[in-house]
>>> print(open('input.cif').read())   # mmCIF, C-alpha atoms
data_upload
#
loop_
_atom_site.group_PDB
_atom_site.id
_atom_site.type_symbol
_atom_site.label_atom_id
_atom_site.label_comp_id
_atom_site.auth_asym_id
_atom_site.auth_seq_id
_atom_site.Cartn_x
_atom_site.Cartn_y
_atom_site.Cartn_z
ATOM 1 C CA MET N 229 16.569 227.609 49.830
ATOM 2 C CA ILE N 230 19.797 229.399 48.902
ATOM 3 C CA PRO N 231 22.870 227.153 49.257
ATOM 4 C CA SER N 232 25.553 228.392 51.652
ATOM 5 C CA VAL N 233 29.188 227.897 50.681
ATOM 6 C CA LEU N 234 32.335 228.312 52.758
ATOM 7 C CA VAL N 235 35.573 228.952 50.832
ATOM 8 C CA LEU N 236 38.630 228.521 53.053
ATOM 9 C CA LEU N 237 41.770 230.523 52.318
ATOM 10 C CA ALA N 238 45.200 229.809 53.738
ATOM 11 C CA GLU N 239 48.390 231.651 52.898
ATOM 12 C CA GLY N 240 49.823 230.295 49.654
ATOM 13 C CA PHE N 241 46.458 229.382 48.072
ATOM 14 C CA GLU N 242 46.270 229.185 44.262
ATOM 15 C CA GLU N 243 44.441 232.377 43.296
ATOM 16 C CA VAL N 244 42.642 231.065 40.181
ATOM 17 C CA GLU N 245 41.321 228.070 42.134
ATOM 18 C CA ALA N 246 39.859 230.328 44.827
ATOM 19 C CA ILE N 247 38.574 233.337 42.917
ATOM 20 C CA THR N 248 36.917 231.410 40.064
ATOM 21 C CA PRO N 249 34.608 229.374 42.357
ATOM 22 C CA ILE N 250 33.899 232.439 44.537
ATOM 23 C CA ASP N 251 32.931 234.491 41.479
ATOM 24 C CA LEU N 252 30.832 231.825 39.737
ATOM 25 C CA LEU N 253 29.083 230.726 42.923
ATOM 26 C CA ARG N 254 28.136 234.322 43.709
ATOM 27 C CA ARG N 255 26.869 234.773 40.134
ATOM 28 C CA SER N 256 24.711 231.672 40.651
ATOM 29 C CA GLY N 257 23.071 233.174 43.718
ATOM 30 C CA ALA N 258 24.782 231.028 46.337
ATOM 31 C CA GLU N 259 25.560 232.643 49.677
ATOM 32 C CA VAL N 260 29.371 232.535 49.668
ATOM 33 C CA THR N 261 31.473 233.176 52.764
ATOM 34 C CA VAL N 262 35.214 233.533 52.195
ATOM 35 C CA ALA N 263 37.068 232.766 55.412
ATOM 36 C CA SER N 264 40.719 233.087 56.310
ATOM 37 C CA ILE N 265 41.996 230.253 58.456
ATOM 38 C CA ASP N 266 44.209 232.745 60.292
ATOM 39 C CA ILE N 267 43.254 235.613 62.589
ATOM 40 C CA VAL N 268 43.772 238.142 59.796
ATOM 41 C CA GLU N 269 41.273 238.662 57.005
ATOM 42 C CA ILE N 270 43.793 239.498 54.269
ATOM 43 C CA VAL N 271 45.344 236.367 52.801
ATOM 44 C CA LYS N 272 48.320 236.251 50.420
ATOM 45 C CA GLY N 273 48.039 233.844 47.506
ATOM 46 C CA SER N 274 50.856 231.797 46.014
ATOM 47 C CA HIS N 275 51.518 234.503 43.411
ATOM 48 C CA GLY N 276 51.446 237.432 45.806
ATOM 49 C CA ILE N 277 47.833 238.498 45.214
ATOM 50 C CA LEU N 278 46.174 239.707 48.399
ATOM 51 C CA VAL N 279 42.551 238.686 48.932
ATOM 52 C CA HIS N 280 40.348 240.211 51.598
ATOM 53 C CA ALA N 281 38.308 237.454 53.210
ATOM 54 C CA ASP N 282 34.804 238.141 54.503
ATOM 55 C CA THR N 283 35.646 236.725 57.911
ATOM 56 C CA THR N 284 37.837 234.194 59.699
ATOM 57 C CA LEU N 285 37.175 230.498 60.192
ATOM 58 C CA GLU N 286 37.131 231.114 63.937
ATOM 59 C CA ALA N 287 34.272 233.616 63.550
ATOM 60 C CA CYS N 288 32.118 231.227 61.492
ATOM 61 C CA LYS N 289 33.112 227.864 62.973
ATOM 62 C CA ASP N 290 29.659 227.289 64.455
ATOM 63 C CA GLN N 291 27.777 228.159 61.243
ATOM 64 C CA LYS N 292 26.301 225.393 59.121
ATOM 65 C CA PHE N 293 27.260 225.350 55.419
ATOM 66 C CA ASP N 294 25.946 223.303 52.514
ATOM 67 C CA CYS N 295 29.369 223.185 50.853
ATOM 68 C CA VAL N 296 33.017 223.786 51.663
ATOM 69 C CA VAL N 297 35.530 224.693 48.936
ATOM 70 C CA LEU N 298 39.251 224.053 49.365
ATOM 71 C CA PRO N 299 41.495 225.817 46.834
ATOM 72 C CA GLY N 300 44.833 224.199 46.160
ATOM 73 C CA GLY N 301 48.323 225.515 45.749
ATOM 74 C CA GLY N 302 51.165 223.646 47.423
ATOM 75 C CA PRO N 303 51.713 225.983 50.374
ATOM 76 C CA GLY N 304 47.996 226.786 50.686
ATOM 77 C CA SER N 305 47.006 223.124 50.802
ATOM 78 C CA ALA N 306 49.700 222.359 53.362
ATOM 79 C CA ASN N 307 48.490 225.247 55.511
ATOM 80 C CA LEU N 308 44.879 224.062 55.264
ATOM 81 C CA ALA N 309 45.922 220.511 56.159
ATOM 82 C CA GLY N 310 47.930 221.776 59.117
ATOM 83 C CA SER N 311 44.854 223.287 60.740
ATOM 84 C CA TYR N 312 42.802 221.049 63.022
ATOM 85 C CA GLU N 313 39.930 223.550 62.737
ATOM 86 C CA VAL N 314 39.916 223.199 58.933
ATOM 87 C CA LEU N 315 39.843 219.397 59.080
ATOM 88 C CA GLU N 316 37.091 219.520 61.693
ATOM 89 C CA LYS N 317 34.996 221.918 59.563
ATOM 90 C CA VAL N 318 35.480 219.821 56.409
ATOM 91 C CA ILE N 319 34.347 216.659 58.200
ATOM 92 C CA GLN N 320 31.386 218.548 59.687
ATOM 93 C CA VAL N 321 30.237 219.826 56.265
ATOM 94 C CA ALA N 322 30.789 216.371 54.706
ATOM 95 C CA GLN N 323 28.166 214.858 57.033
ATOM 96 C CA GLU N 324 25.303 216.447 55.089
ATOM 97 C CA GLY N 325 26.864 218.643 52.435
ATOM 98 C CA VAL N 326 29.262 218.937 49.525
ATOM 99 C CA VAL N 327 33.058 218.958 49.805
ATOM 100 C CA ALA N 328 34.916 220.461 46.841
ATOM 101 C CA ALA N 329 38.720 220.428 46.612
ATOM 102 C CA ILE N 330 41.054 221.238 43.732
ATOM 103 C CA CYS N 331 44.715 220.782 42.789
ATOM 104 C CA ALA N 332 46.787 219.593 45.763
ATOM 105 C CA ALA N 333 43.898 219.985 48.245
ATOM 106 C CA PRO N 334 42.192 216.639 47.512
ATOM 107 C CA ALA N 335 45.285 214.623 48.457
ATOM 108 C CA VAL N 336 46.959 216.970 50.932
ATOM 109 C CA VAL N 337 43.878 218.089 52.875
ATOM 110 C CA LEU N 338 41.193 215.468 52.277
ATOM 111 C CA GLY N 339 43.739 212.664 52.489
ATOM 112 C CA LYS N 340 43.863 213.359 56.236
ATOM 113 C CA THR N 341 40.100 213.006 56.680
ATOM 114 C CA GLY N 342 39.177 209.619 55.228
ATOM 115 C CA LEU N 343 36.730 211.316 52.846
ATOM 116 C CA LEU N 344 38.577 209.947 49.790
ATOM 117 C CA ASP N 345 38.064 206.300 50.727
ATOM 118 C CA GLY N 346 36.271 204.462 47.931
ATOM 119 C CA LYS N 347 35.889 207.635 45.834
ATOM 120 C CA ARG N 348 37.017 208.518 42.324
ATOM 121 C CA VAL N 349 39.371 211.476 42.692
ATOM 122 C CA THR N 350 41.385 213.832 40.535
ATOM 123 C CA GLY N 351 43.991 216.351 41.605
ATOM 124 C CA TYR N 352 47.348 217.827 40.771
ATOM 125 C CA PRO N 353 49.603 215.114 39.322
ATOM 126 C CA GLY N 354 52.110 213.942 41.906
ATOM 127 C CA SER N 355 50.109 215.097 44.924
ATOM 128 C CA GLU N 356 48.732 211.572 45.341
ATOM 129 C CA LYS N 357 52.106 210.606 46.838
ATOM 130 C CA GLN N 358 50.838 212.297 50.035
ATOM 131 C CA VAL N 359 48.292 209.509 50.583
ATOM 132 C CA SER N 360 49.112 205.823 50.499
ATOM 133 C CA SER N 361 47.082 203.861 47.963
ATOM 134 C CA LEU N 362 45.509 207.001 46.417
ATOM 135 C CA THR N 363 45.248 206.967 42.647
ATOM 136 C CA LEU N 364 44.339 210.204 40.925
ATOM 137 C CA GLU N 365 42.389 209.933 37.695
ATOM 138 C CA ASN N 366 43.493 212.072 34.768
ATOM 139 C CA GLU N 367 40.284 214.115 34.453
ATOM 140 C CA LYS N 368 39.674 217.863 34.841
ATOM 141 C CA VAL N 369 36.811 217.399 37.324
ATOM 142 C CA ILE N 370 35.233 214.401 39.038
ATOM 143 C CA THR N 371 31.987 214.420 40.995
ATOM 144 C CA ASP N 372 31.551 211.294 43.103
ATOM 145 C CA GLY N 373 28.529 211.576 45.352
ATOM 146 C CA SER N 374 28.962 214.694 47.468
ATOM 147 C CA LEU N 375 32.699 214.961 46.699
ATOM 148 C CA ILE N 376 33.897 217.197 43.853
ATOM 149 C CA THR N 377 37.581 217.269 42.924
ATOM 150 C CA GLY N 378 39.437 219.313 40.332
ATOM 151 C CA GLN N 379 42.812 218.759 38.710
ATOM 152 C CA GLY N 380 44.448 222.181 38.849
ATOM 153 C CA PRO N 381 44.278 225.862 37.886
ATOM 154 C CA GLY N 382 43.231 225.064 34.309
ATOM 155 C CA SER N 383 40.164 223.222 35.577
ATOM 156 C CA ALA N 384 38.951 226.000 37.887
ATOM 157 C CA MET N 385 36.047 226.948 35.590
ATOM 158 C CA PRO N 386 34.594 223.433 35.116
ATOM 159 C CA PHE N 387 35.255 222.781 38.823
ATOM 160 C CA ALA N 388 33.181 225.828 39.816
ATOM 161 C CA LEU N 389 30.433 224.850 37.373
ATOM 162 C CA ALA N 390 30.344 221.320 38.834
ATOM 163 C CA ILE N 391 29.794 222.819 42.289
ATOM 164 C CA ILE N 392 26.942 224.963 40.935
ATOM 165 C CA GLU N 393 25.402 221.926 39.247
ATOM 166 C CA LYS N 394 25.577 219.953 42.497
ATOM 167 C CA LEU N 395 24.153 222.744 44.672
ATOM 168 C CA PHE N 396 21.511 223.939 42.197
ATOM 169 C CA ASP N 397 21.128 221.939 38.964
ATOM 170 C CA LYS N 398 22.600 221.535 35.484
ATOM 171 C CA LYS N 399 20.315 224.245 34.102
ATOM 172 C CA LYS N 400 21.814 226.844 36.500
ATOM 173 C CA ALA N 401 25.382 225.699 35.719
ATOM 174 C CA ASP N 402 24.682 225.907 31.979
ATOM 175 C CA LEU N 403 23.197 229.399 32.411
ATOM 176 C CA ILE N 404 26.286 230.673 34.250
ATOM 177 C CA ALA N 405 28.559 229.059 31.645
ATOM 178 C CA SER N 406 26.631 230.672 28.796
ATOM 179 C CA GLN N 407 26.717 234.103 30.482
ATOM 180 C CA LEU N 408 30.511 233.789 30.578
ATOM 181 C CA TYR N 409 30.736 232.459 27.006
ATOM 182 C CA TYR N 410 32.323 229.322 28.415
ATOM 183 C CA SER N 411 31.878 226.071 26.554
ATOM 184 C CA VAL N 412 33.051 222.662 27.626
#
>>> encode(input="input.cif", output="structure tokens")
Amino acid sequence: MIPSVLVLLAEGFEEVEAITPIDLLRRSGAEVTVASIDIVEIVKGSHGILVHADTTLEACKDQKFDCVVLPGGGPGSANLAGSYEVLEKVIQVAQEGVVAAICAAPAVVLGKTGLLDGKRVTGYPGSEKQVSSLTLENEKVITDGSLITGQGPGSAMPFALAIIEKLFDKKKADLIASQLYYSV
């Protein structure tokens, strides 16, 4: 069965943290849906890059996904966290699937869901101040059960590979890494 992945984009998202997982997951054969959380399908990143989403969250809210990916970026994470529909979708996917968040998104978005409780988490240094009693570990990527967190833009590649490993297996992640001449 081909894993289905939902990547949520909100205005102000960190481009590297969104595009790298989208690209690598598509290379792996996953069925990736990029959804804008707004009614428009063109979303502006934190550095002014416009990305055309496949659809909107509203249009795919009733679809089941095996994984949800939350790119960071300060404004993007705040916009994701400010959407009840996003939080609802994340909690829905978490019931049986994988939740992957990077940079500010682990603390800012997932901190509102209770999904971080009892988990090892990494994220952008300083973002942990958004959640009482959250301690971020100083690692590029942490996989704890069905939760995958990444530290920031520089960890976008290992973050994407960790998602592939979780959805497929290590062999598939290693294959994608080797095709890109990426070594850990």
>>> atom_distance(input="input.cif", atom1="CA of Ile391 in chain N", atom2="CA of Ala328 in chain N")
7.2 Å
>>> residues_around(input="input.cif", residues="range 273-276 of chain N", least_positions_apart="3", cutoff="7 Å", atoms="all atoms listed in the file", output="mmCIF file with C-alpha atoms, in the frame of the given file")
data_model
loop_
_atom_site.group_PDB
_atom_site.id
_atom_site.type_symbol
_atom_site.label_atom_id
_atom_site.label_comp_id
_atom_site.auth_asym_id
_atom_site.auth_seq_id
_atom_site.Cartn_x
_atom_site.Cartn_y
_atom_site.Cartn_z
ATOM 1 C CA GLU N 239 48.390 231.651 52.898
ATOM 2 C CA GLY N 240 49.823 230.295 49.654
ATOM 3 C CA PHE N 241 46.458 229.382 48.072
ATOM 4 C CA GLU N 242 46.270 229.185 44.262
ATOM 5 C CA GLU N 243 44.441 232.377 43.296
ATOM 6 C CA GLY N 301 48.323 225.515 45.749
#
>>> resolve_selection(input="input.cif", expression="the PyMOL selection byres ((chain N and resi 303-314) around 12)", output="MDAnalysis selection string")
chainID N and resid 234:243 245:246 263:266 271:275 284:290 296:302 315:321 329:341 351:352 355 358
>>> closest_residue(input="input.cif", among="N:Arg255, N:Lys398, N:Lys292, N:His280", to="Ala322 in chain N", atoms="only C-alpha atoms")
N:Lys292
>>> closest_residue(input="input.cif", among="N:Ser232, N:Thr350, N:Thr377, N:Ser411", to="Asp294 in chain N", atoms="all atoms listed in the file")
N:Ser232
>>> residues_around(input="input.cif", residues="Lys368 in chain N", least_positions_apart="4", cutoff="9 Å", atoms="only C-alpha atoms", output="mmCIF file with C-alpha atoms, in the frame of the given file")
data_model
loop_
_atom_site.group_PDB
_atom_site.id
_atom_site.type_symbol
_atom_site.label_atom_id
_atom_site.label_comp_id
_atom_site.auth_asym_id
_atom_site.auth_seq_id
_atom_site.Cartn_x
_atom_site.Cartn_y
_atom_site.Cartn_z
ATOM 1 C CA THR N 350 41.385 213.832 40.535
ATOM 2 C CA GLY N 351 43.991 216.351 41.605
ATOM 3 C CA THR N 377 37.581 217.269 42.924
ATOM 4 C CA GLY N 378 39.437 219.313 40.332
ATOM 5 C CA GLN N 379 42.812 218.759 38.710
ATOM 6 C CA GLY N 380 44.448 222.181 38.849
ATOM 7 C CA GLY N 382 43.231 225.064 34.309
ATOM 8 C CA SER N 383 40.164 223.222 35.577
ATOM 9 C CA ALA N 384 38.951 226.000 37.887
ATOM 10 C CA PRO N 386 34.594 223.433 35.116
ATOM 11 C CA PHE N 387 35.255 222.781 38.823
#
>>> atom_distance(input="input.cif", atom1="CA of Ile392 in chain N", atom2="CA of Val349 in chain N")
18.4 Å
>>> atom_distance(input="input.cif", atom1="CA of Val233 in chain N", atom2="CA of Leu253 in chain N")
8.3 Å
>>> closest_residue(input="input.cif", among="N:Cys295, N:Val279, N:Ile404, N:Ile230", to="Ile376 in chain N", atoms="all atoms listed in the file")
N:Cys295
>>> resolve_selection(input="input.cif", expression="the PyMOL selection byres ((chain N and resi 401) around 12)", output="ChimeraX atom specification")
/N:249,252-253,255-258,385-400,402-408,410-412
>>> closest_residue(input="input.cif", among="N:Ile270, N:Ala281, N:Met229, N:Val327", to="Leu344 in chain N", atoms="all atoms listed in the file")
N:Val327
>>> closest_residue(input="input.cif", among="N:Val326, N:Leu375, N:Ile267, N:Val369", to="Lys347 in chain N", atoms="all atoms listed in the file")
N:Leu375
>>> axis_aligned_box(input="input.cif", around="range 357-364 of chain N", padding_each_side="4 Å", output="lines of an AutoDock Vina configuration file")
center_x = 48.2
center_y = 208.1
center_z = 45.8
size_x = 15.8
size_y = 16.4
size_z = 17.7
